[in-house]
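**Q** Quick one, structure29.cif (mmCIF, C-alpha atoms (C1' of nucleotides)):
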data_start
#
loop_
_atom_site.label_atom_id
_atom_site.label_comp_id
_atom_site.auth_asym_id
_atom_site.auth_seq_id
_atom_site.Cartn_x
_atom_site.Cartn_y
_atom_site.Cartn_z
CA MET A 78 13.23 13.67 -11.48
CA ARG A 79 14.41 15.48 -8.36
CA LYS A 80 14.22 12.18 -6.50
CA THR A 81 16.32 10.42 -9.11
CA ILE A 82 19.01 13.07 -8.83
CA LEU A 83 19.03 12.69 -5.05
CA ILE A 84 19.27 8.92 -5.29
CA PHE A 85 22.18 9.08 -7.68
CA SER A 86 23.92 11.72 -5.61
CA ALA A 87 23.61 9.48 -2.56
CA LEU A 88 24.93 6.65 -4.71
CA ILE A 89 28.01 8.61 -5.65
CA ILE A 90 28.65 9.55 -2.03
CA ALA A 91 28.23 5.95 -0.94
CA LEU A 92 30.69 4.91 -3.62
CA LEU A 93 33.25 7.40 -2.42
CA ILE A 94 32.87 6.23 1.19
CA LEU A 95 33.26 2.62 0.15
CA PHE A 96 36.35 3.56 -1.77
CA GLN A 97 37.91 5.10 1.29
CA LEU A 98 37.02 2.06 3.35
CA SER A 99 38.54 -0.24 0.78
CA LYS A 100 41.73 1.76 0.88
CA TYR A 101 41.93 1.33 4.66
CA SER A 102 41.19 -2.37 4.57
CA TYR A 103 43.64 -2.83 1.74
CA ALA A 104 46.38 -1.20 3.81
CA SER A 105 45.72 -3.37 6.86
CA GLY A 106 45.23 -6.67 5.04
CA ASP A 107 43.52 -8.00 1.88
CA THR A 108 41.39 -10.82 3.33
CA SER A 109 38.18 -8.72 3.47
CA ASN A 110 38.51 -7.65 -0.13
CA GLU A 111 36.28 -10.35 -1.60
CA ILE A 112 33.57 -9.67 0.96
CA PHE A 113 33.74 -6.00 0.11
CA ILE A 114 33.33 -6.67 -3.59
CA ALA A 115 30.40 -8.94 -2.88
CA ILE A 116 28.69 -6.25 -0.81
CA ILE A 117 29.16 -3.71 -3.59
CA ALA A 118 27.77 -6.12 -6.14
CA ILE A 119 24.67 -6.91 -4.07
CA ALA A 120 24.11 -3.26 -3.19
CA PHE A 121 24.18 -2.14 -6.81
CA PHE A 122 22.06 -5.08 -7.86
CA ILE A 123 19.35 -4.06 -5.38
CA ILE A 124 19.61 -0.39 -6.37
CA GLY A 125 19.19 -1.36 -10.01
CA ILE A 126 16.05 -3.37 -9.27
CA TYR A 127 14.61 -0.61 -7.10
CA LEU A 128 15.12 2.17 -9.62
CA ASN A 129 13.78 0.11 -12.50
CA LYS A 130 10.68 -0.87 -10.59
CA LYS A 131 9.97 2.76 -9.78
CA SER A 132 10.33 3.97 -13.33
CA LEU A 133 8.21 1.15 -14.74
CA HIS A 134 5.52 1.76 -12.15
CA LYS A 135 5.23 5.38 -13.19
CA LYS A 136 5.10 4.41 -16.83
CA GLN A 137 2.27 2.00 -16.08
CA LEU A 138 0.25 4.68 -14.35
CA PHE A 139 0.67 6.99 -17.28
CA LYS A 140 -0.56 4.35 -19.65
CA ASN A 141 -3.86 3.81 -17.85
CA GLU A 142 -4.58 7.46 -17.30
CA ILE A 143 -7.45 9.02 -19.21
CA ASP A 144 -6.71 11.72 -21.74
CA HIS A 145 -8.88 14.64 -20.68
CA GLN A 146 -7.50 16.82 -23.44
CA LYS A 147 -8.64 14.36 -26.07
CA ILE A 148 -12.15 14.39 -24.65
CA LYS A 149 -12.25 18.15 -25.12
CA ASP A 150 -10.74 17.90 -28.59
CA LEU A 151 -13.49 15.53 -29.63
CA GLY A 152 -16.10 17.97 -28.31
CA ILE A 153 -17.53 15.47 -25.84
CA SER A 154 -19.44 17.29 -23.10
CA THR A 155 -19.51 16.40 -19.41
CA ARG A 156 -22.90 14.78 -19.60
CA GLU A 157 -22.03 12.87 -22.73
CA TYR A 158 -18.92 11.54 -21.05
CA GLU A 159 -20.97 10.34 -18.09
CA VAL A 160 -23.23 8.47 -20.48
CA LEU A 161 -20.22 7.04 -22.31
CA MET A 162 -18.88 5.57 -19.08
CA LYS A 163 -22.23 4.01 -18.26
CA ILE A 164 -22.33 2.50 -21.72
CA SER A 165 -18.92 0.93 -21.14
CA GLU A 166 -20.23 -0.53 -17.88
CA GLY A 167 -22.78 -2.42 -19.93
CA LEU A 168 -25.90 -0.48 -19.00
CA SER A 169 -28.91 -0.09 -21.32
CA ASN A 170 -30.31 3.33 -22.23
CA LYS A 171 -33.16 2.82 -19.77
CA GLU A 172 -30.76 1.90 -16.96
CA ILE A 173 -28.54 4.90 -17.67
CA ALA A 174 -31.63 7.11 -17.63
CA ASP A 175 -32.55 5.73 -14.21
CA VAL A 176 -29.16 6.25 -12.59
CA LEU A 177 -28.80 9.76 -14.02
CA PHE A 178 -32.43 10.68 -13.24
CA ILE A 179 -33.23 11.81 -16.78
CA SER A 180 -35.46 10.38 -19.50
CA GLU A 181 -34.46 7.68 -21.93
CA SER A 182 -35.04 10.12 -24.79
CA THR A 183 -32.28 12.32 -23.45
CA ILE A 184 -29.95 9.34 -23.17
CA LYS A 185 -30.68 8.46 -26.79
CA THR A 186 -29.80 11.99 -27.83
CA HIS A 187 -26.54 11.82 -25.87
CA VAL A 188 -25.68 8.41 -27.27
CA SER A 189 -26.29 9.56 -30.83
CA ASN A 190 -24.02 12.55 -30.28
CA ILE A 191 -21.34 10.33 -28.74
CA LEU A 192 -21.46 7.97 -31.70
CA VAL A 193 -20.98 10.86 -34.12
CA LYS A 194 -18.12 12.35 -32.12
CA LEU A 195 -16.36 9.00 -31.79
CA ASP A 196 -17.13 8.07 -35.38
CA ALA A 197 -18.79 4.85 -34.26
CA LYS A 198 -21.80 3.02 -35.64
CA ARG A 199 -22.72 1.15 -32.48
CA ARG A 200 -22.25 1.57 -28.76
CA THR A 201 -19.94 -1.43 -28.66
CA GLN A 202 -17.74 0.23 -31.25
CA ALA A 203 -17.84 3.44 -29.20
CA ILE A 204 -16.48 1.49 -26.22
CA GLN A 205 -13.69 0.09 -28.36
CA LYS A 206 -12.77 3.47 -29.81
CA ALA A 207 -12.95 5.27 -26.48
CA LYS A 208 -10.55 2.74 -25.04
CA ALA A 209 -8.17 3.05 -27.97
CA LEU A 210 -8.21 6.83 -27.48
CA GLN A 211 -7.59 6.34 -23.74
CA ILE A 212 -10.74 8.28 -23.00
CA ILE A 213 -12.10 5.60 -20.67
CA SER A 214 -10.17 3.27 -18.39
CA PHE A 215 -10.47 -0.43 -17.99
CA MET B 695 13.94 9.75 -16.65
CA ARG B 696 15.99 7.20 -18.54
CA LYS B 697 18.16 9.97 -19.86
CA THR B 698 18.85 11.20 -16.35
CA ILE B 699 19.91 7.74 -15.25
CA LEU B 700 22.28 7.48 -18.18
CA ILE B 701 23.76 10.87 -17.46
CA PHE B 702 24.35 10.03 -13.81
CA SER B 703 25.79 6.65 -14.70
CA ALA B 704 28.24 8.35 -17.02
CA LEU B 705 29.00 10.78 -14.21
CA ILE B 706 29.85 7.96 -11.83
CA ILE B 707 32.09 6.32 -14.40
CA ALA B 708 33.85 9.64 -15.02
CA LEU B 709 34.31 10.05 -11.28
CA LEU B 710 35.90 6.62 -10.99
CA ILE B 711 38.26 7.35 -13.85
CA LEU B 712 39.27 10.61 -12.19
CA PHE B 713 39.88 8.68 -8.99
CA GLN B 714 42.23 6.36 -10.77
CA LEU B 715 44.07 9.22 -12.41
CA SER B 716 44.51 11.01 -9.11
CA LYS B 717 45.81 7.85 -7.50
CA TYR B 718 48.33 7.40 -10.31
CA SER B 719 49.66 10.84 -9.70
CA TYR B 720 50.04 10.19 -5.96
CA ALA B 721 51.80 6.86 -6.10
CA SER B 722 51.85 4.27 -8.83
CA GLY B 723 50.72 1.40 -6.60
CA ASP B 724 48.11 -1.27 -7.18
CA THR B 725 45.23 0.59 -8.85
CA SER B 726 43.56 -2.11 -10.94
CA ASN B 727 41.58 -3.16 -7.90
CA GLU B 728 39.35 -0.10 -7.81
CA ILE B 729 38.63 -0.34 -11.52
CA PHE B 730 37.65 -3.93 -11.01
CA ILE B 731 35.28 -2.99 -8.19
CA ALA B 732 33.72 -0.21 -10.26
CA ILE B 733 33.15 -2.54 -13.19
CA ILE B 734 31.52 -5.06 -10.86
CA ALA B 735 29.26 -2.40 -9.40
CA ILE B 736 28.11 -1.12 -12.80
CA ALA B 737 27.70 -4.63 -14.15
CA PHE B 738 25.46 -5.68 -11.27
CA PHE B 739 23.53 -2.44 -11.51
CA ILE B 740 22.74 -3.16 -15.15
CA ILE B 741 21.98 -6.80 -14.38
CA GLY B 742 19.56 -5.68 -11.66
CA ILE B 743 17.69 -3.41 -14.05
CA TYR B 744 17.63 -6.05 -16.77
CA LEU B 745 16.33 -8.84 -14.56
CA ASN B 746 13.70 -6.62 -13.00
CA LYS B 747 12.48 -5.51 -16.37
CA LYS B 748 12.16 -9.13 -17.46
CA SER B 749 10.22 -10.23 -14.39
CA LEU B 750 7.89 -7.24 -14.55
CA HIS B 751 7.30 -7.86 -18.22
CA LYS B 752 6.29 -11.43 -17.48
CA LYS B 753 4.02 -10.29 -14.66
CA GLN B 754 2.39 -7.85 -17.03
CA LEU B 755 1.77 -10.57 -19.54
CA PHE B 756 0.24 -12.76 -16.89
CA LYS B 757 -2.06 -9.98 -15.85
CA ASN B 758 -3.32 -9.46 -19.38
CA GLU B 759 -3.36 -13.11 -20.26
CA ILE B 760 -6.71 -14.71 -20.88
CA ASP B 761 -7.94 -17.36 -18.50
CA HIS B 762 -8.56 -20.33 -20.77
CA GLN B 763 -9.63 -22.47 -17.84
CA LYS B 764 -12.40 -20.03 -16.96
CA ILE B 765 -13.66 -20.13 -20.52
CA LYS B 766 -14.01 -23.88 -20.23
CA ASP B 767 -15.61 -23.63 -16.81
CA LEU B 768 -18.25 -21.31 -18.19
CA GLY B 769 -18.95 -23.79 -20.97
CA ILE B 770 -18.09 -21.31 -23.71
CA SER B 771 -17.28 -23.16 -26.93
CA THR B 772 -14.58 -22.23 -29.42
CA ARG B 773 -17.01 -20.69 -31.87
CA GLU B 774 -18.82 -18.79 -29.17
CA TYR B 775 -15.53 -17.38 -27.98
CA GLU B 776 -14.68 -16.21 -31.48
CA VAL B 777 -18.02 -14.40 -31.61
CA LEU B 778 -17.42 -12.92 -28.17
CA MET B 779 -14.12 -11.41 -29.32
CA LYS B 780 -15.77 -9.92 -32.39
CA ILE B 781 -18.44 -8.40 -30.18
CA SER B 782 -15.76 -6.79 -28.04
CA GLU B 783 -14.22 -5.34 -31.18
CA GLY B 784 -17.48 -3.50 -31.75
CA LEU B 785 -18.81 -5.50 -34.68
CA SER B 786 -22.53 -5.97 -35.38
CA ASN B 787 -24.10 -9.40 -35.79
CA LYS B 788 -24.16 -8.94 -39.55
CA GLU B 789 -20.48 -7.97 -39.64
CA ILE B 790 -19.50 -10.92 -37.48
CA ALA B 791 -21.48 -13.20 -39.78
CA ASP B 792 -19.56 -11.83 -42.76
CA VAL B 793 -16.08 -12.26 -41.30
CA LEU B 794 -16.85 -15.77 -40.03
CA PHE B 795 -18.66 -16.78 -43.25
CA ILE B 796 -21.83 -17.94 -41.49
CA SER B 797 -25.37 -16.60 -41.36
CA GLU B 798 -26.56 -13.87 -39.02
CA SER B 799 -29.05 -16.36 -37.52
CA THR B 800 -26.16 -18.46 -36.31
CA ILE B 801 -24.47 -15.42 -34.81
CA LYS B 802 -27.68 -14.59 -32.94
CA THR B 803 -27.79 -18.11 -31.56
CA HIS B 804 -24.17 -17.86 -30.44
CA VAL B 805 -24.72 -14.43 -28.91
CA SER B 806 -27.76 -15.63 -26.99
CA ASN B 807 -25.77 -18.56 -25.62
CA ILE B 808 -22.88 -16.28 -24.68
CA LEU B 809 -25.23 -13.94 -22.82
CA VAL B 810 -26.67 -16.83 -20.82
CA LYS B 811 -23.23 -18.25 -20.00
CA LEU B 812 -21.87 -14.87 -18.95
CA ASP B 813 -25.10 -13.98 -17.13
CA ALA B 814 -25.41 -10.78 -19.16
CA LYS B 815 -28.48 -9.03 -20.50
CA ARG B 816 -26.76 -7.14 -23.30
CA ARG B 817 -23.65 -7.55 -25.44
CA THR B 818 -22.10 -4.49 -23.79
CA GLN B 819 -22.53 -6.14 -20.42
CA ALA B 820 -21.04 -9.31 -21.83
CA ILE B 821 -17.95 -7.32 -22.82
CA GLN B 822 -17.70 -5.88 -19.32
CA LYS B 823 -18.11 -9.26 -17.63
CA ALA B 824 -15.72 -11.03 -19.99
CA LYS B 825 -13.11 -8.39 -19.18
CA ALA B 826 -13.66 -8.74 -15.45
CA LEU B 827 -13.27 -12.51 -15.78
CA GLN B 828 -10.09 -12.00 -17.83
CA ILE B 829 -11.60 -13.96 -20.65
CA ILE B 830 -10.84 -11.28 -23.22
CA SER B 831 -7.90 -8.90 -23.32
CA PHE B 832 -7.67 -5.23 -24.20
"C1'" DA C 215 -20.11 -47.40 -34.51
"C1'" DG C 216 -22.90 -44.70 -31.60
"C1'" DT C 217 -23.66 -41.11 -28.34
"C1'" DA C 218 -22.66 -36.28 -26.99
"C1'" DT C 219 -21.48 -31.83 -28.15
"C1'" DT C 220 -20.94 -28.22 -31.22
"C1'" DT C 221 -22.11 -25.72 -35.09
"C1'" DT C 222 -25.11 -24.25 -38.16
"C1'" DG C 223 -29.55 -22.20 -39.74
"C1'" DG C 224 -34.37 -20.99 -39.80
"C1'" DT C 225 -39.00 -18.52 -38.42
"C1'" DA C 226 -41.51 -15.50 -35.67
"C1'" DC C 227 -41.56 -12.42 -32.26
"C1'" DT C 228 -40.28 -8.74 -28.62
"C1'" DT C 229 -37.15 -5.51 -27.07
"C1'" DT C 230 -33.55 -2.33 -27.38
"C1'" DA C 231 -30.76 0.79 -30.04
"C1'" DG C 232 -30.19 4.44 -33.01
"C1'" DT C 233 -31.80 8.43 -36.44
"C1'" DA C 234 -34.06 12.61 -37.59
"C1'" DT C 235 -36.10 16.56 -36.22
"C1'" DG C 236 -37.75 20.02 -33.37
"C1'" DA C 237 -37.97 22.60 -29.30
"C1'" DG C 238 -38.06 24.40 -24.40
"C1'" DA C 239 -34.87 25.31 -20.29
"C1'" DT C 240 -30.66 26.65 -18.30
"C1'" DA C 241 -26.21 28.71 -17.68
"C1'" DG C 242 -22.10 31.20 -19.05
"C1'" DC C 243 -20.19 34.99 -21.81
"C1'" DC C 244 -19.62 39.70 -23.98
"C1'" DG D 453 -30.15 41.83 -23.18
"C1'" DG D 454 -28.61 38.76 -26.72
"C1'" DC D 455 -25.55 34.82 -28.03
"C1'" DT D 456 -23.87 30.22 -27.66
"C1'" DA D 457 -23.46 25.83 -25.82
"C1'" DT D 458 -25.32 22.35 -23.18
"C1'" DC D 459 -28.95 19.70 -21.37
"C1'" DT D 460 -33.31 18.30 -21.56
"C1'" DC D 461 -37.44 15.84 -23.68
"C1'" DA D 462 -40.69 14.34 -27.18
"C1'" DT D 463 -42.50 11.93 -31.45
"C1'" DA D 464 -42.04 8.92 -35.18
"C1'" DC D 465 -39.48 6.04 -37.49
"C1'" DT D 466 -35.83 2.37 -39.01
"C1'" DA D 467 -32.44 -0.84 -37.75
"C1'" DA D 468 -30.35 -3.87 -34.84
"C1'" DA D 469 -30.32 -6.92 -31.01
"C1'" DG D 470 -32.09 -10.51 -28.48
"C1'" DT D 471 -35.58 -14.57 -27.28
"C1'" DA D 472 -37.85 -18.90 -28.01
"C1'" DC D 473 -38.12 -22.97 -30.21
"C1'" DC D 474 -36.85 -26.08 -33.45
"C1'" DA D 475 -33.86 -29.06 -36.25
"C1'" DA D 476 -30.33 -30.75 -39.46
"C1'" DA D 477 -25.36 -31.11 -40.19
"C1'" DA D 478 -20.63 -31.75 -38.61
"C1'" DT D 479 -17.20 -33.06 -34.89
"C1'" DA D 480 -15.66 -35.05 -30.91
"C1'" DC D 481 -15.40 -38.67 -27.77
"C1'" DT D 482 -14.60 -43.44 -26.32
#
Transcribe the structure of this file into structure tokens.
**A**
Amino acid sequence: MRKTILIFSALIIALLILFQLSKYSYASGDTSNEIFIAIIAIAFFIIGIYLNKKSLHKKQLFKNEIDHQKIKDLGISTREYEVLMKISEGLSNKEIADVLFISESTIKTHVSNILVKLDAKRRTQAIQKAKALQIISF
Amino acid sequence: MRKTILIFSALIIALLILFQLSKYSYASGDTSNEIFIAIIAIAFFIIGIYLNKKSLHKKQLFKNEIDHQKIKDLGISTREYEVLMKISEGLSNKEIADVLFISESTIKTHVSNILVKLDAKRRTQAIQKAKALQIISF
DNA sequence: AGTATTTTGGTACTTTAGTATGAGATAGCC
DNA sequence: GGCTATCTCATACTAAAGTACCAAAATACT
């Protein structure tokens, strides 16, 4: 936001300077006028592309960001969220138990709780729902 | 963000108009030139934004587009691919059987073949791998 | 028309996933 | 200390998922 204001301010200043220059060149002779117009056109074209790319890039980042608030709202705990991510990576309960150094029984408990909180019947559906809710990234 | 850009654009236009008015008051000379330049600048600015948006949109589509060639390379048949998509939507074998109007046995056969072709041990891993290979979109 | 591939379906079996229930351990909060 | 939430683990069970092997159709290919 602050950056955008700065960029536009600089743009206005540049415009004013160019205006002054055009006045000088117009007084001396009007052969450089077409070149001047071309430069303005190209400059603004590039500025337009640059600004648009920046704004779209930011938008894109926002889209793929995970919604931590929603995780809290759903009552998903830290440990449950860890398990949820492992599920989305395609790991089995046993494998998740191994990487988290806890028993498979505990994983099953976590998975069951996750399924209830996400209103899913299967782990594959949990993956789908978690993605739709922007709780996990992909 | 977009609002800010619009506001500043309007500001620039207002500035240019003021410029013209001030020039009129000084001496009624040739003033249509500056207006012309301003219009060119704004026009190219808008064109720049428009073109950039188009190209980025296409890029985005390409990124999320499914790689049909890779599906063929992996030897995944049409029916198997249909099943794969249903799996990624979180459906069970029985549910997939119902929506495709075939028996659950057939679905199991398809799923087994998919797992072999994707080198996955579970359907969740198949989802993960299919995503990584850009075979399915999300 | 005849071969190749795909699609379909079955049985029998093993493995994994998920449910229900209970309960001990830990940590933060008032 | 007592309360609450989280994390942990277990048993016993049911339900799904997945494997292996087979085989009849429907399609595709040339």
**Q** Do you have, as a Markdown table, the list of residues of chain D lying at most 9 Å from chain B, each with its nearest atom pair and that distance in Å to one decimal, counting only C-alpha atoms (C1' of nucleotides) and ordered by chain then number?
**A**
| residue | atom | partner | partner_atom | distance |
| --- | --- | --- | --- | --- |
| D:DA468 | C1' | B:Ser786 | CA | 8.1 |
| D:DA469 | C1' | B:Asn787 | CA | 8.2 |
| D:DG470 | C1' | B:Ser806 | CA | 6.9 |
| D:DT471 | C1' | B:Ser806 | CA | 7.9 |
**Q** Write out as a tab-separated table the residues of chain C that have any atom within 9 Å of an atom of chain A, one row each with the nearest atom pair and its distance in Å to one decimal, counting only C-alpha atoms (C1' of nucleotides), sorted by chain and then rising number.
**A**
residue	atom	partner	partner_atom	distance
C:DT230	C1'	A:Ser169	CA	8.0
C:DA231	C1'	A:Asn170	CA	8.2
C:DG232	C1'	A:Ser189	CA	6.8
C:DT233	C1'	A:Ser189	CA	7.9
**Q** Take the residues from that selection and put them in a file with C-alpha atoms (C1' of nucleotides), as an mmCIF file, in the frame of the given file.
**A**
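What ended up in result18.cif:
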data_model
loop_
_atom_site.group_PDB
_atom_site.id
_atom_site.type_symbol
_atom_site.label_atom_id
_atom_site.label_comp_id
_atom_site.auth_asym_id
_atom_site.auth_seq_id
_atom_site.Cartn_x
_atom_site.Cartn_y
_atom_site.Cartn_z
ATOM 1 C "C1'" DT C 230 -33.550 -2.330 -27.380
ATOM 2 C "C1'" DA C 231 -30.760 0.790 -30.040
ATOM 3 C "C1'" DG C 232 -30.190 4.440 -33.010
ATOM 4 C "C1'" DT C 233 -31.800 8.430 -36.440
#
**Q** Could you tell me which residues the PyMOL selection byres ((chain A) within 6 of (chain B)) grabs in this file, written as an NGL selection string?
**A** :A and (117-118 or 121-122 or 125-126 or 129 or 167 or 201-202)
**Q** Once the PyMOL selection byres ((chain D and resi 474-478) around 10) is applied to the coordinates I shared, what remains selected? I want it as an mmCIF file with C-alpha atoms (C1' of nucleotides), in the frame of the given file.
**A**
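Produced file result-v9.cif, reproduced below:
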data_model
loop_
_atom_site.group_PDB
_atom_site.id
_atom_site.type_symbol
_atom_site.label_atom_id
_atom_site.label_comp_id
_atom_site.auth_asym_id
_atom_site.auth_seq_id
_atom_site.Cartn_x
_atom_site.Cartn_y
_atom_site.Cartn_z
ATOM 1 C "C1'" DT C 220 -20.940 -28.220 -31.220
ATOM 2 C "C1'" DT C 221 -22.110 -25.720 -35.090
ATOM 3 C "C1'" DT C 222 -25.110 -24.250 -38.160
ATOM 4 C "C1'" DG C 223 -29.550 -22.200 -39.740
ATOM 5 C "C1'" DG C 224 -34.370 -20.990 -39.800
ATOM 6 C "C1'" DT C 225 -39.000 -18.520 -38.420
ATOM 7 C "C1'" DA D 472 -37.850 -18.900 -28.010
ATOM 8 C "C1'" DC D 473 -38.120 -22.970 -30.210
ATOM 9 C "C1'" DT D 479 -17.200 -33.060 -34.890
ATOM 10 C "C1'" DA D 480 -15.660 -35.050 -30.910
#
**Q** In Å, with one decimal, what is the gap from atom CA of Val160 of chain A to atom C1' of DT240 of chain C?
**A**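 Spanning atom CA of Val160 of chain A to atom C1' of DT240 of chain C is a straight-line distance of 19.8 Å.
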**Q** Could you jot down the atom CA of His187 of chain A to atom CA of Lys147 of chain A separation for me, Å, one decimal place?
**A**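 These atoms are spaced 18.1 Å apart.
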**Q** With distances taken over only C-alpha atoms, which of A:Gln211, A:Ser132, A:Asn190, A:Thr183 is nearest to Gly152 of chain A?
**A**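 Ranking A:Gln211, A:Ser132, A:Asn190, A:Thr183 by distance to Gly152 of chain A, first place goes to A:Asn190.
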**Q** One decimal, in Å: what's the spacing between atom CA of Leu195 of chain A and atom CA of Ile808 of chain B?
**A** 27.1 Å
**Q** Can you pull out the residues contacting DT460 of chain D? Cut-off 9 Å, using all atoms listed in the file, and skip same-chain residues under 3 positions away; I want them as a list of chain:residue names.
**A** A:Ile179, A:Ser180, A:Ser182, A:Thr183, C:DG238, C:DA239
